[in-house]
Every structure is written in structure tokens, then in C-alpha cells.
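Participant: Take a look at my_file.cif, mmCIF, C-alpha atoms and all ligand atoms:
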data_target
#
loop_
_atom_site.group_PDB
_atom_site.id
_atom_site.type_symbol
_atom_site.label_atom_id
_atom_site.label_comp_id
_atom_site.auth_asym_id
_atom_site.auth_seq_id
_atom_site.Cartn_x
_atom_site.Cartn_y
_atom_site.Cartn_z
ATOM 1 C CA MET A 1 98.669 97.914 92.076
ATOM 2 C CA LEU A 2 101.744 97.929 94.252
ATOM 3 C CA SER A 3 102.830 101.051 96.082
ATOM 4 C CA GLY A 4 104.825 101.924 99.180
ATOM 5 C CA PRO A 5 107.698 104.101 100.287
ATOM 6 C CA ALA A 6 110.960 104.426 98.394
ATOM 7 C CA GLY A 7 113.495 101.850 99.540
ATOM 8 C CA VAL A 8 110.917 99.315 100.686
ATOM 9 C CA GLY A 9 111.764 96.914 97.840
ATOM 10 C CA LYS A 10 109.004 97.364 95.246
ATOM 11 C CA SER A 11 111.376 96.884 92.322
ATOM 12 C CA SER A 12 112.779 93.647 93.823
ATOM 13 C CA ILE A 13 109.222 92.307 93.950
ATOM 14 C CA VAL A 14 108.702 93.259 90.305
ATOM 15 C CA ALA A 15 111.993 91.559 89.333
ATOM 16 C CA TYR A 16 110.915 88.408 91.202
ATOM 17 C CA LEU A 17 107.534 88.373 89.456
ATOM 18 C CA ARG A 18 109.141 88.793 86.038
ATOM 19 C CA GLU A 19 111.196 85.699 86.688
ATOM 20 C CA HIS A 20 108.654 83.502 88.489
ATOM 21 C CA HIS A 21 105.283 84.738 87.201
ATOM 22 C CA PRO A 22 105.780 85.918 83.625
ATOM 23 C CA ASP A 23 102.011 85.725 82.982
ATOM 24 C CA ILE A 24 101.572 88.871 85.083
ATOM 25 C CA TRP A 25 102.094 91.898 82.906
ATOM 26 C CA HIS A 26 104.014 94.779 84.429
ATOM 27 C CA SER A 27 103.342 98.261 83.109
ATOM 28 C CA VAL A 28 106.447 100.088 81.871
ATOM 29 C CA SER A 29 106.429 103.671 83.171
ATOM 30 C CA VAL A 30 107.401 106.807 81.311
ATOM 31 C CA THR A 31 109.852 109.008 83.201
ATOM 32 C CA THR A 32 111.960 112.126 82.830
ATOM 33 C CA ARG A 33 114.548 110.683 85.202
ATOM 34 C CA PRO A 34 117.922 109.849 83.618
ATOM 35 C CA ARG A 35 118.563 106.205 82.825
ATOM 36 C CA ARG A 36 120.526 104.337 85.490
ATOM 37 C CA PRO A 37 123.328 101.948 84.545
ATOM 38 C CA GLY A 38 121.857 98.603 83.523
ATOM 39 C CA GLU A 39 118.385 99.960 82.786
ATOM 40 C CA VAL A 40 116.966 99.154 79.376
ATOM 41 C CA GLU A 41 114.722 101.505 77.402
ATOM 42 C CA ALA A 42 111.179 100.103 77.017
ATOM 43 C CA VAL A 43 111.923 97.238 79.428
ATOM 44 C CA ASP A 44 112.512 99.108 82.690
ATOM 45 C CA ARG A 45 111.204 102.562 81.737
ATOM 46 C CA TYR A 46 110.540 104.742 78.730
ATOM 47 C CA PHE A 47 112.973 107.622 79.121
ATOM 48 C CA VAL A 48 111.642 110.893 77.728
ATOM 49 C CA ASP A 49 112.414 114.599 78.038
ATOM 50 C CA SER A 50 110.140 117.022 79.906
ATOM 51 C CA GLU A 51 108.542 118.348 76.699
ATOM 52 C CA THR A 52 107.551 114.862 75.573
ATOM 53 C CA PHE A 53 106.203 114.062 79.038
ATOM 54 C CA ALA A 54 104.142 117.268 79.105
ATOM 55 C CA ARG A 55 102.741 116.483 75.665
ATOM 56 C CA MET A 56 101.738 112.965 76.781
ATOM 57 C CA VAL A 57 99.900 114.443 79.776
ATOM 58 C CA ARG A 58 98.180 117.007 77.557
ATOM 59 C CA ASP A 59 97.087 114.366 75.066
ATOM 60 C CA GLY A 60 95.657 112.118 77.780
ATOM 61 C CA GLU A 61 98.154 109.340 77.078
ATOM 62 C CA LEU A 62 98.865 108.682 80.749
ATOM 63 C CA LEU A 63 96.548 106.868 83.133
ATOM 64 C CA GLU A 64 98.149 108.668 86.075
ATOM 65 C CA HIS A 65 101.250 110.729 86.604
ATOM 66 C CA ALA A 66 103.180 112.263 89.470
ATOM 67 C CA HIS A 67 106.144 114.446 90.251
ATOM 68 C CA TYR A 68 108.484 112.514 92.501
ATOM 69 C CA ALA A 69 112.020 113.320 93.701
ATOM 70 C CA ASP A 70 112.525 116.039 91.044
ATOM 71 C CA ASN A 71 111.292 113.913 88.133
ATOM 72 C CA TRP A 72 108.037 113.032 86.405
ATOM 73 C CA TYR A 73 106.635 109.498 86.246
ATOM 74 C CA GLY A 74 103.544 108.200 84.497
ATOM 75 C CA THR A 75 101.715 105.059 83.365
ATOM 76 C CA PRO A 76 100.982 104.771 79.625
ATOM 77 C CA ARG A 77 97.236 104.340 79.296
ATOM 78 C CA ALA A 78 96.870 102.372 76.022
ATOM 79 C CA ALA A 79 99.040 99.396 77.010
ATOM 80 C CA VAL A 80 97.221 98.932 80.335
ATOM 81 C CA GLU A 81 93.784 99.161 78.725
ATOM 82 C CA GLU A 82 94.737 96.626 76.038
ATOM 83 C CA ARG A 83 95.966 94.111 78.636
ATOM 84 C CA LEU A 84 92.916 94.557 80.852
ATOM 85 C CA ALA A 85 90.607 94.103 77.849
ATOM 86 C CA ALA A 86 92.457 90.864 77.023
ATOM 87 C CA GLY A 87 92.017 89.631 80.606
ATOM 88 C CA THR A 88 95.744 89.691 81.412
ATOM 89 C CA PRO A 89 96.641 90.412 85.069
ATOM 90 C CA VAL A 90 98.183 93.891 85.190
ATOM 91 C CA LEU A 91 100.590 95.192 87.810
ATOM 92 C CA LEU A 92 101.423 98.874 88.284
ATOM 93 C CA GLU A 93 104.357 99.668 90.557
ATOM 94 C CA ILE A 94 103.859 103.329 91.400
ATOM 95 C CA GLU A 95 104.245 105.824 94.213
ATOM 96 C CA VAL A 96 101.426 107.015 96.434
ATOM 97 C CA GLN A 97 100.160 110.097 94.534
ATOM 98 C CA GLY A 98 99.703 107.968 91.410
ATOM 99 C CA ALA A 99 97.935 105.270 93.437
ATOM 100 C CA ARG A 100 95.425 107.882 94.600
ATOM 101 C CA GLN A 101 94.678 108.899 91.012
ATOM 102 C CA ILE A 102 94.079 105.269 90.033
ATOM 103 C CA ARG A 103 91.800 104.817 93.043
ATOM 104 C CA ALA A 104 89.766 107.883 92.031
ATOM 105 C CA GLN A 105 89.216 106.753 88.437
ATOM 106 C CA SER A 106 89.163 102.950 88.849
ATOM 107 C CA PRO A 107 87.465 102.014 92.111
ATOM 108 C CA GLU A 108 87.734 98.342 91.128
ATOM 109 C CA ALA A 109 91.565 98.472 91.103
ATOM 110 C CA ARG A 110 93.191 96.702 94.014
ATOM 111 C CA LEU A 111 95.705 98.821 95.901
ATOM 112 C CA VAL A 112 98.444 96.980 97.724
ATOM 113 C CA PHE A 113 100.861 98.730 100.034
ATOM 114 C CA LEU A 114 104.299 97.236 100.555
ATOM 115 C CA ALA A 115 105.438 98.100 104.073
ATOM 116 C CA PRO A 116 108.919 97.741 105.589
ATOM 117 C CA PRO A 117 109.364 95.342 108.528
ATOM 118 C CA SER A 118 110.164 98.414 110.660
ATOM 119 C CA TRP A 119 111.061 102.089 110.344
ATOM 120 C CA GLU A 120 114.654 101.266 111.360
ATOM 121 C CA GLU A 121 114.942 98.758 108.528
ATOM 122 C CA LEU A 122 113.617 101.266 105.998
ATOM 123 C CA GLU A 123 116.016 103.920 107.256
ATOM 124 C CA ARG A 124 118.881 101.456 106.934
ATOM 125 C CA ARG A 125 117.886 100.659 103.339
ATOM 126 C CA LEU A 126 117.505 104.310 102.379
ATOM 127 C CA ARG A 127 120.845 105.238 103.907
ATOM 128 C CA GLY A 128 122.580 102.152 102.555
ATOM 129 C CA ARG A 129 122.002 103.050 98.935
ATOM 130 C CA GLY A 130 125.088 105.188 98.526
ATOM 131 C CA THR A 131 127.233 107.904 99.917
ATOM 132 C CA GLU A 132 124.799 110.780 99.496
ATOM 133 C CA PRO A 133 125.142 113.913 101.626
ATOM 134 C CA GLU A 134 123.127 114.013 104.836
ATOM 135 C CA ASP A 135 120.612 116.596 103.515
ATOM 136 C CA VAL A 136 119.739 114.331 100.572
ATOM 137 C CA VAL A 137 119.286 111.352 102.912
ATOM 138 C CA ARG A 138 117.199 113.497 105.247
ATOM 139 C CA ARG A 139 114.883 114.567 102.427
ATOM 140 C CA ARG A 140 114.479 110.958 101.396
ATOM 141 C CA LEU A 141 113.625 109.933 104.971
ATOM 142 C CA ASP A 142 111.085 112.786 105.251
ATOM 143 C CA THR A 143 109.417 111.640 102.016
ATOM 144 C CA ALA A 144 109.377 108.029 103.242
ATOM 145 C CA ARG A 145 107.663 109.123 106.464
ATOM 146 C CA ILE A 146 104.926 110.855 104.455
ATOM 147 C CA GLU A 147 104.572 107.826 102.165
ATOM 148 C CA LEU A 148 104.294 105.447 105.129
ATOM 149 C CA ALA A 149 101.422 107.488 106.514
ATOM 150 C CA ALA A 150 99.372 106.604 103.410
ATOM 151 C CA GLU A 151 99.199 102.919 104.376
ATOM 152 C CA ASP A 152 95.600 103.168 105.639
ATOM 153 C CA GLU A 153 94.338 104.266 102.205
ATOM 154 C CA PHE A 154 95.210 100.872 100.720
ATOM 155 C CA ASP A 155 93.122 97.708 100.389
ATOM 156 C CA GLU A 156 95.898 95.397 101.521
ATOM 157 C CA VAL A 157 99.227 95.711 103.281
ATOM 158 C CA ILE A 158 102.085 93.290 102.685
ATOM 159 C CA VAL A 159 105.091 93.503 104.997
ATOM 160 C CA ASN A 160 108.274 92.952 103.036
ATOM 161 C CA THR A 161 110.113 90.524 105.284
ATOM 162 C CA SER A 162 111.266 88.414 102.317
ATOM 163 C CA VAL A 163 110.990 89.231 98.608
ATOM 164 C CA ALA A 164 109.726 85.775 97.624
ATOM 165 C CA GLU A 165 107.070 85.649 100.352
ATOM 166 C CA ALA A 166 105.845 89.178 99.706
ATOM 167 C CA ALA A 167 105.732 88.596 95.939
ATOM 168 C CA GLU A 168 103.830 85.302 96.299
ATOM 169 C CA ARG A 169 101.323 86.994 98.606
ATOM 170 C CA LEU A 170 100.839 89.703 95.972
ATOM 171 C CA VAL A 171 100.201 87.027 93.319
ATOM 172 C CA GLU A 172 97.606 85.394 95.592
ATOM 173 C CA LEU A 173 95.835 88.722 95.986
ATOM 174 C CA MET A 174 95.900 89.366 92.249
ATOM 175 C CA ARG A 175 94.553 85.883 91.476
ATOM 176 C CA ALA A 176 91.787 86.346 94.028
ATOM 177 C CA GLY A 177 90.634 89.244 91.882
HETATM 178 P P1 LIG A 201 112.505 105.147 90.238
HETATM 179 O O1 LIG A 201 113.199 106.467 90.123
HETATM 180 O O2 LIG A 201 113.184 104.244 91.206
HETATM 181 O O3 LIG A 201 112.283 104.513 88.914
HETATM 182 O O4 LIG A 201 111.061 105.417 90.835
HETATM 183 C C1 LIG A 201 110.861 106.315 91.878
HETATM 184 C C2 LIG A 201 109.450 106.150 92.416
HETATM 185 O O5 LIG A 201 108.504 106.384 91.393
HETATM 186 C C3 LIG A 201 109.169 104.739 92.963
HETATM 187 O O6 LIG A 201 108.463 104.878 94.188
HETATM 188 C C4 LIG A 201 108.283 104.127 91.901
HETATM 189 O O7 LIG A 201 107.356 103.212 92.469
HETATM 190 C C5 LIG A 201 107.562 105.338 91.368
HETATM 191 N N1 LIG A 201 107.090 105.171 89.981
HETATM 192 C C6 LIG A 201 107.658 104.466 88.973
HETATM 193 N N2 LIG A 201 106.917 104.540 87.874
HETATM 194 C C7 LIG A 201 105.834 105.298 88.183
HETATM 195 C C8 LIG A 201 104.665 105.720 87.453
HETATM 196 O O8 LIG A 201 104.472 105.417 86.273
HETATM 197 N N3 LIG A 201 103.780 106.502 88.113
HETATM 198 C C9 LIG A 201 103.949 106.859 89.414
HETATM 199 N N4 LIG A 201 103.006 107.608 89.973
HETATM 200 N N5 LIG A 201 105.022 106.474 90.126
HETATM 201 C C10 LIG A 201 105.940 105.704 89.527
#
Could you write out this file's structure as C-alpha cells?

Facilitator:
Amino acid sequence: MLSGPAGVGKSSIVAYLREHHPDIWHSVSVTTRPRRPGEVEAVDRYFVDSETFARMVRDGELLEHAHYADNWYGTPRAAVEERLAAGTPVLLEIEVQGARQIRAQSPEARLVFLAPPSWEELERRLRGRGTEPEDVVRRRLDTARIELAAEDEFDEVIVNTSVAEAAERLVELMRAG
């Protein structure tokens, strides 16, 4: 499972793997966040309203879930269990609270933390995303600082100096079991 702070490049790694390692199955998360331009329902995310999300939690349909940046995110349980039963390599790309829930219920899961080359680089990436007001950027940086502090809880750390190198290292770790 791949985790790490916002802005570190987790989704670029997932995009690389989709293209270069299609045998690795990537879980599609359920979220209450609005769809971004270019995102495709059921490919990038399942977009649901808060009531549907709450019902899925209640019915035990999610393997883990977390509230992150004003929205809910969760991993559909059935699809992951089917793939694991079939022996397919499964990748979850989730934030740190979700990673902790997976750790607690599946000690055999491998937790990989994607770290930025430096704090300055992460700050540059988080600021570079748009023209958000300073208080929004500040909140994002505060969250990133908290997320970075979780690094020690993970089995492996990959520093994201290049997408291809980091993704290939992740594949090696997954293949090693
Ligand atoms: P985004 O809004 O960019 O889709 O995701 C925001 C954050 O939520 C990212 O750090 C991403 O890794 C995380 N995330 C995406 N899907 C899930 C999920 O199913 N569960 C959890 N816990 N986090 C997720």
C-alpha cells in the first residue's frame, strides 16, 4: 500500500504503473469529493454523496475510510478481497489514517511511504498547484507536516526523486512479497 503526504506524487506513480505494469491492480476509491475535470467515474474514483458513503460504512462495504480535506474517502472491500483471493497484486493509494486502519486489520499488508526529496520541494509542489489563498495553502502545509511525521510507521520509504524510479522500486517491493 502506498501512502505519503499530499503533493508528494502518489497519483503520478499510480498513473505510471497503469501504463507500465498493468498486471498490478489498483483499487478504485469511493469519495464524496466532487469530480475534477478529466476524472472518469469508476476509473479514477467512485463519486458518491455523503448519504451513500455513510451507508457503505454502516454496511461494512469499506475496508478502511477516512475524512481528509473536508471529504470522505474509502476503499471498497469486495473488489480488494476478490483480487487478493485470485492472487493478483493489489495496490491501495491512500492517506495515512487509512493506512493505519489497514495495518491494524491486515498485519501482512506492506506499507510503503512515498517521501518528498525535501520539505522545500514538497512545499513548492503544494504551492504550485494553483492560485489558492494563503490560508488554504497554509492548512495544506500543516497537514503535510503531520503526514510526514508518520513516515516511521511504515515498512518501507521510497523517496520520490523520479516517478519512474520510485514506481519501479515499488514494483520490486510488491514482487518481493
Ligand atoms: P484526492 O482528493 O487527490 O483524490 O485524494 C486526497 C487524498 O486522499 C490523497 O492523499 C489520497 O491518497 C487519499 N485517498 C484516496 N483514496 C483514498 C481511500 O480510499 N482511502 C483513504 N484513506 N485515502 C484515500

Participant: Have a look at A:Ala109, A:Asp44, A:Ala149, A:Lys10 and name the one nearest to Met174 of chain A; count all atoms listed in the file.

Facilitator: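 Closest to Met174 of chain A of all the choices is A:Ala109.
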
Participant: Within 6 Å of ligand LIG 201 (chain A), counting all atoms listed in the file, which protein or nucleic acid residues do you find, written as a PyMOL selection string?

Facilitator: chain A and resi 6+29-30+65-66+73-75+93-95+97-98

Participant: For Gln101 of chain A, which residue out of A:Glu64, A:Thr131, A:Leu170, A:Ala150 is the nearest one, using all atoms listed in the file?

Facilitator: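 Looking only at the distances to Gln101 of chain A, the closest residue turns out to be A:Glu64.
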
Participant: A:Phe53, A:Glu19, A:Val28, A:Pro76: which is nearest Glu41 of chain A, counting all atoms listed in the file?

Facilitator: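 Selected residue with least distance to Glu41 of chain A: A:Val28.
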
Participant: For each of A:Leu84, A:Met56, A:Val96, A:Ala78, take the minimum atom-to-atom distance to Glu147 of chain A, counting only C-alpha atoms, then give the residue where this is smallest.

Facilitator: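 Going through A:Leu84, A:Met56, A:Val96, A:Ala78 one by one, the smallest distance to Glu147 of chain A is for A:Val96.
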
Participant: What lies within 12 Å of His20 of chain A using all atoms listed in the file, ignoring chain neighbours under 4 positions off, as a list in words?

Facilitator: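 Selected residues are Ile13, Val14, Ala15, Tyr16, Ile24, Val163, Ala164, Ala167, Glu168 and Val171 of chain A.
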
Participant: Put those residues in a file: C-alpha atoms, as an mmCIF file, keeping the file's coordinate frame.

Facilitator:
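Generated output (result.cif):
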data_model
loop_
_atom_site.group_PDB
_atom_site.id
_atom_site.type_symbol
_atom_site.label_atom_id
_atom_site.label_comp_id
_atom_site.auth_asym_id
_atom_site.auth_seq_id
_atom_site.Cartn_x
_atom_site.Cartn_y
_atom_site.Cartn_z
ATOM 1 C CA ILE A 13 109.222 92.307 93.950
ATOM 2 C CA VAL A 14 108.702 93.259 90.305
ATOM 3 C CA ALA A 15 111.993 91.559 89.333
ATOM 4 C CA TYR A 16 110.915 88.408 91.202
ATOM 5 C CA ILE A 24 101.572 88.871 85.083
ATOM 6 C CA VAL A 163 110.990 89.231 98.608
ATOM 7 C CA ALA A 164 109.726 85.775 97.624
ATOM 8 C CA ALA A 167 105.732 88.596 95.939
ATOM 9 C CA GLU A 168 103.830 85.302 96.299
ATOM 10 C CA VAL A 171 100.201 87.027 93.319
#

Participant: I would like the residues chosen by the PyMOL selection byres (((chain A and resi 153-157) around 10) and not hetatm) on the shown file; could you give them as number ranges by chain?

Facilitator: A: 1-4, 96, 99-100, 103, 109-115, 149-152, 158-160, 166, 170, 173

Participant: In Å to one decimal, how far is atom CA of Leu141 of chain A from atom CA of Leu126 of chain A?

Facilitator: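 Interatomic distance, atom CA of Leu126 of chain A to atom CA of Leu141 of chain A: 7.3 Å.
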
Participant: Would you kindly return, as an mmCIF file with C-alpha atoms, in the frame of the given file, each protein, DNA or RNA residue with an atom no farther than 12 Å from any atom of Glu120 of chain A, considering all atoms listed in the file and excluding same-chain residues fewer than 4 positions away?

Facilitator:
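Once everything was written out, this is result23.cif:
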data_model
loop_
_atom_site.group_PDB
_atom_site.id
_atom_site.type_symbol
_atom_site.label_atom_id
_atom_site.label_comp_id
_atom_site.auth_asym_id
_atom_site.auth_seq_id
_atom_site.Cartn_x
_atom_site.Cartn_y
_atom_site.Cartn_z
ATOM 1 C CA GLY A 7 113.495 101.850 99.540
ATOM 2 C CA VAL A 8 110.917 99.315 100.686
ATOM 3 C CA PRO A 116 108.919 97.741 105.589
ATOM 4 C CA ARG A 124 118.881 101.456 106.934
ATOM 5 C CA ARG A 125 117.886 100.659 103.339
ATOM 6 C CA LEU A 126 117.505 104.310 102.379
ATOM 7 C CA ARG A 127 120.845 105.238 103.907
ATOM 8 C CA GLY A 128 122.580 102.152 102.555
ATOM 9 C CA LEU A 141 113.625 109.933 104.971
ATOM 10 C CA ALA A 144 109.377 108.029 103.242
ATOM 11 C CA ARG A 145 107.663 109.123 106.464
#

Participant: Could you rebuild segment 31-43 of chain A with N, CA and C atoms and give me the result as a PDB file, in the frame of the given file?

Facilitator:
ATOM      1  N   THR A  31     109.256 108.105  82.209  1.00  0.00           N
ATOM      2  CA  THR A  31     109.852 109.008  83.201  1.00  0.00           C
ATOM      3  C   THR A  31     110.821 110.004  82.569  1.00  0.00           C
ATOM      4  N   THR A  32     110.965 111.135  83.257  1.00  0.00           N
ATOM      5  CA  THR A  32     111.960 112.126  82.830  1.00  0.00           C
ATOM      6  C   THR A  32     113.289 111.908  83.569  1.00  0.00           C
ATOM      7  N   ARG A  33     113.307 110.935  84.475  1.00  0.00           N
ATOM      8  CA  ARG A  33     114.548 110.683  85.202  1.00  0.00           C
ATOM      9  C   ARG A  33     115.592 110.069  84.253  1.00  0.00           C
ATOM     10  N   PRO A  34     116.873 110.429  84.468  1.00  0.00           N
ATOM     11  CA  PRO A  34     117.922 109.849  83.618  1.00  0.00           C
ATOM     12  C   PRO A  34     118.009 108.337  83.818  1.00  0.00           C
ATOM     13  N   ARG A  35     118.422 107.657  82.774  1.00  0.00           N
ATOM     14  CA  ARG A  35     118.563 106.205  82.825  1.00  0.00           C
ATOM     15  C   ARG A  35     119.690 105.832  83.779  1.00  0.00           C
ATOM     16  N   ARG A  36     119.454 104.819  84.608  1.00  0.00           N
ATOM     17  CA  ARG A  36     120.526 104.337  85.490  1.00  0.00           C
ATOM     18  C   ARG A  36     121.292 103.230  84.771  1.00  0.00           C
ATOM     19  N   PRO A  37     122.549 103.015  85.185  1.00  0.00           N
ATOM     20  CA  PRO A  37     123.328 101.948  84.545  1.00  0.00           C
ATOM     21  C   PRO A  37     122.570 100.628  84.630  1.00  0.00           C
ATOM     22  N   GLY A  38     122.530  99.912  83.523  1.00  0.00           N
ATOM     23  CA  GLY A  38     121.857  98.603  83.523  1.00  0.00           C
ATOM     24  C   GLY A  38     120.398  98.670  83.122  1.00  0.00           C
ATOM     25  N   GLU A  39     119.795  99.849  83.165  1.00  0.00           N
ATOM     26  CA  GLU A  39     118.385  99.960  82.786  1.00  0.00           C
ATOM     27  C   GLU A  39     118.236  99.968  81.262  1.00  0.00           C
ATOM     28  N   VAL A  40     117.181  99.302  80.814  1.00  0.00           N
ATOM     29  CA  VAL A  40     116.966  99.154  79.376  1.00  0.00           C
ATOM     30  C   VAL A  40     115.700  99.911  78.973  1.00  0.00           C
ATOM     31  N   GLU A  41     115.856 100.754  77.949  1.00  0.00           N
ATOM     32  CA  GLU A  41     114.722 101.505  77.402  1.00  0.00           C
ATOM     33  C   GLU A  41     113.603 100.547  76.993  1.00  0.00           C
ATOM     34  N   ALA A  42     112.378 100.877  77.377  1.00  0.00           N
ATOM     35  CA  ALA A  42     111.179 100.103  77.017  1.00  0.00           C
ATOM     36  C   ALA A  42     111.036  98.786  77.792  1.00  0.00           C
ATOM     37  N   VAL A  43     112.055  98.419  78.573  1.00  0.00           N
ATOM     38  CA  VAL A  43     111.923  97.238  79.428  1.00  0.00           C
ATOM     39  C   VAL A  43     111.725  97.707  80.864  1.00  0.00           C
TER      40      VAL A  43
END
